[in-house]
Amino acid sequence: DSGVTQTPKHLITATGQRVTLRCSPRSGDLSVYWYQQSLDQGLQFLIQYYNGEERAKGNILERFSAQQFPDLHSELNLSSLELGDSALYFCASSVFHTEGGYTFGSGTRLTVV
Amino acid sequence: KNEVEQSPQNLTAQEGEFITINCSYSVGISALHWLQQHPGGGIVSLFMLSSGKKKHGRLIATINIQEKHSSLHITASHPRDSAVYICAVRSASGNQFYFGTGTSLTVIP
């Protein structure tokens, strides 16, 4: 157990639907990062939050949004889902907003049918 | 062209061999990361480098900022080292991450 908890582990949903992925960072970590890993595009950085504030934004689609709550857990919301959104979604956490190693969660496997 | 290039893409080694995986990048960076992804999908962060060299057990990572190049070495390789190794860089602005496509390593007993 890495200390980063992601739920659910698996999710199957239909096109056009909306889902929420949840991440609880390791105790003491203030930064949360979201990544998408698909077969055709590899790993991609989506977004980073530090202590509740957005710090960096990567290749996150407008249909996707995220937030970090006062208890530091984070949620990634994916809406108007398309087949191409099927991927592994990883959350990672770190202590500082730019430095430090990262601890990854085990990921949420999203399948859009 | 990808901002991060890794070589080789695939690598098969005999147990005990010394292994080197290379990573070249084309952007200014604040840090470089080496990640390990096992067949089950989980990702472990092995190293974060901004200069020099780091060692952890049988793993050694080096970075040459001037040449924009990093290497990951595995000494005395073992079948449990079989995994995909991914090089990732954080941009100098800190606003973006770029990932290599990974090196798939298989260590044969």
# chains A, B, ... in the order shown; residues from 1 in each chain; ligands from 1

$ interface_residues --of "chain A" --to "chain B" --cutoff "10 Å" --atoms "only C-alpha atoms" --output "PyMOL selection string"
chain A and resi 2+35+41-48+55-59+88+90+92+97-107+109

$ residues_around --residues "Ser51 of chain B" --least-positions-apart "2" --cutoff "12 Å" --atoms "only C-alpha atoms" --output "list in words"
Ile29, Ser30, Ala31, Leu32, His33, Phe47, Met48, Leu49, Lys53, Lys54, Ala61, Thr62, Ile63, Asn64, Ile65, Gln66, Glu67, Lys68, His69 and Ser70 of chain B

$ write_last_selection --atoms "N, CA, C and O atoms" --output "JSON list (two decimals), in the first residue's frame"
[["chain", "number", "residue", "atom", "x", "y", "z"],
["B", 29, "ILE", "N", 14.15, 21.88, -18.07],
["B", 29, "ILE", "CA", 13.45, 21.13, -17.04],
["B", 29, "ILE", "C", 13.79, 21.65, -15.65],
["B", 29, "ILE", "O", 14.82, 22.28, -15.42],
["B", 30, "SER", "N", 12.87, 21.39, -14.74],
["B", 30, "SER", "CA", 13.15, 21.64, -13.33],
["B", 30, "SER", "C", 13.54, 20.34, -12.63],
["B", 30, "SER", "O", 14.23, 20.36, -11.62],
["B", 31, "ALA", "N", 13.08, 19.21, -13.17],
["B", 31, "ALA", "CA", 13.42, 17.92, -12.59],
["B", 31, "ALA", "C", 13.13, 16.80, -13.57],
["B", 31, "ALA", "O", 12.30, 16.96, -14.48],
["B", 32, "LEU", "N", 13.83, 15.70, -13.39],
["B", 32, "LEU", "CA", 13.60, 14.50, -14.21],
["B", 32, "LEU", "C", 13.27, 13.35, -13.27],
["B", 32, "LEU", "O", 13.87, 13.22, -12.19],
["B", 33, "HIS", "N", 12.31, 12.54, -13.67],
["B", 33, "HIS", "CA", 11.87, 11.42, -12.86],
["B", 33, "HIS", "C", 12.06, 10.11, -13.62],
["B", 33, "HIS", "O", 11.86, 10.06, -14.84],
["B", 47, "PHE", "N", 13.28, 7.64, -8.86],
["B", 47, "PHE", "CA", 14.19, 8.75, -8.61],
["B", 47, "PHE", "C", 13.59, 10.05, -9.10],
["B", 47, "PHE", "O", 12.86, 10.06, -10.07],
["B", 48, "MET", "N", 13.97, 11.13, -8.42],
["B", 48, "MET", "CA", 13.78, 12.47, -8.95],
["B", 48, "MET", "C", 15.15, 13.13, -8.95],
["B", 48, "MET", "O", 15.84, 13.14, -7.92],
["B", 49, "LEU", "N", 15.55, 13.66, -10.11],
["B", 49, "LEU", "CA", 16.88, 14.24, -10.27],
["B", 49, "LEU", "C", 16.78, 15.65, -10.82],
["B", 49, "LEU", "O", 15.99, 15.91, -11.71],
["B", 53, "LYS", "N", 23.82, 12.57, -9.59],
["B", 53, "LYS", "CA", 23.64, 11.12, -9.55],
["B", 53, "LYS", "C", 22.96, 10.74, -8.26],
["B", 53, "LYS", "O", 23.19, 11.34, -7.21],
["B", 54, "LYS", "N", 22.09, 9.72, -8.36],
["B", 54, "LYS", "CA", 21.47, 9.17, -7.15],
["B", 54, "LYS", "C", 21.53, 7.66, -7.22],
["B", 54, "LYS", "O", 21.48, 7.07, -8.30],
["B", 61, "ALA", "N", 20.82, 6.39, -10.96],
["B", 61, "ALA", "CA", 20.33, 7.31, -11.98],
["B", 61, "ALA", "C", 21.28, 8.50, -12.07],
["B", 61, "ALA", "O", 21.73, 9.01, -11.04],
["B", 62, "THR", "N", 21.58, 8.88, -13.30],
["B", 62, "THR", "CA", 22.46, 10.03, -13.53],
["B", 62, "THR", "C", 21.77, 11.00, -14.47],
["B", 62, "THR", "O", 20.90, 10.62, -15.26],
["B", 63, "ILE", "N", 22.17, 12.25, -14.38],
["B", 63, "ILE", "CA", 21.64, 13.25, -15.30],
["B", 63, "ILE", "C", 22.75, 14.21, -15.69],
["B", 63, "ILE", "O", 23.58, 14.58, -14.85],
["B", 64, "ASN", "N", 22.78, 14.57, -16.98],
["B", 64, "ASN", "CA", 23.69, 15.58, -17.49],
["B", 64, "ASN", "C", 22.83, 16.70, -18.05],
["B", 64, "ASN", "O", 22.25, 16.56, -19.13],
["B", 65, "ILE", "N", 22.73, 17.78, -17.31],
["B", 65, "ILE", "CA", 21.84, 18.87, -17.67],
["B", 65, "ILE", "C", 22.28, 19.53, -18.98],
["B", 65, "ILE", "O", 21.45, 19.87, -19.83],
["B", 66, "GLN", "N", 23.59, 19.69, -19.16],
["B", 66, "GLN", "CA", 24.09, 20.35, -20.37],
["B", 66, "GLN", "C", 23.75, 19.55, -21.63],
["B", 66, "GLN", "O", 23.38, 20.10, -22.65],
["B", 67, "GLU", "N", 23.86, 18.22, -21.50],
["B", 67, "GLU", "CA", 23.57, 17.36, -22.66],
["B", 67, "GLU", "C", 22.12, 16.95, -22.73],
["B", 67, "GLU", "O", 21.71, 16.26, -23.66],
["B", 68, "LYS", "N", 21.32, 17.32, -21.74],
["B", 68, "LYS", "CA", 19.90, 16.96, -21.68],
["B", 68, "LYS", "C", 19.73, 15.45, -21.82],
["B", 68, "LYS", "O", 18.99, 14.95, -22.68],
["B", 69, "HIS", "N", 20.41, 14.75, -20.94],
["B", 69, "HIS", "CA", 20.42, 13.30, -21.02],
["B", 69, "HIS", "C", 20.48, 12.69, -19.63],
["B", 69, "HIS", "O", 21.14, 13.23, -18.72],
["B", 70, "SER", "N", 19.76, 11.59, -19.45],
["B", 70, "SER", "CA", 19.78, 10.86, -18.19],
["B", 70, "SER", "C", 19.88, 9.37, -18.48],
["B", 70, "SER", "O", 19.44, 8.91, -19.54]]

$ closest_residue --among "A:Leu81, A:Leu72, A:Leu110, A:Ala87" --to "Arg18 of chain A" --atoms "only C-alpha atoms"
A:Leu81

$ atom_distance --atom1 "atom CA of Thr106 of chain B" --atom2 "atom CA of His56 of chain B"
20.2 Å

$ closest_residue --among "B:Ala83, B:Ala92, B:Ile60, B:Leu72" --to "Asn10 of chain B" --atoms "only C-alpha atoms"
B:Ala83
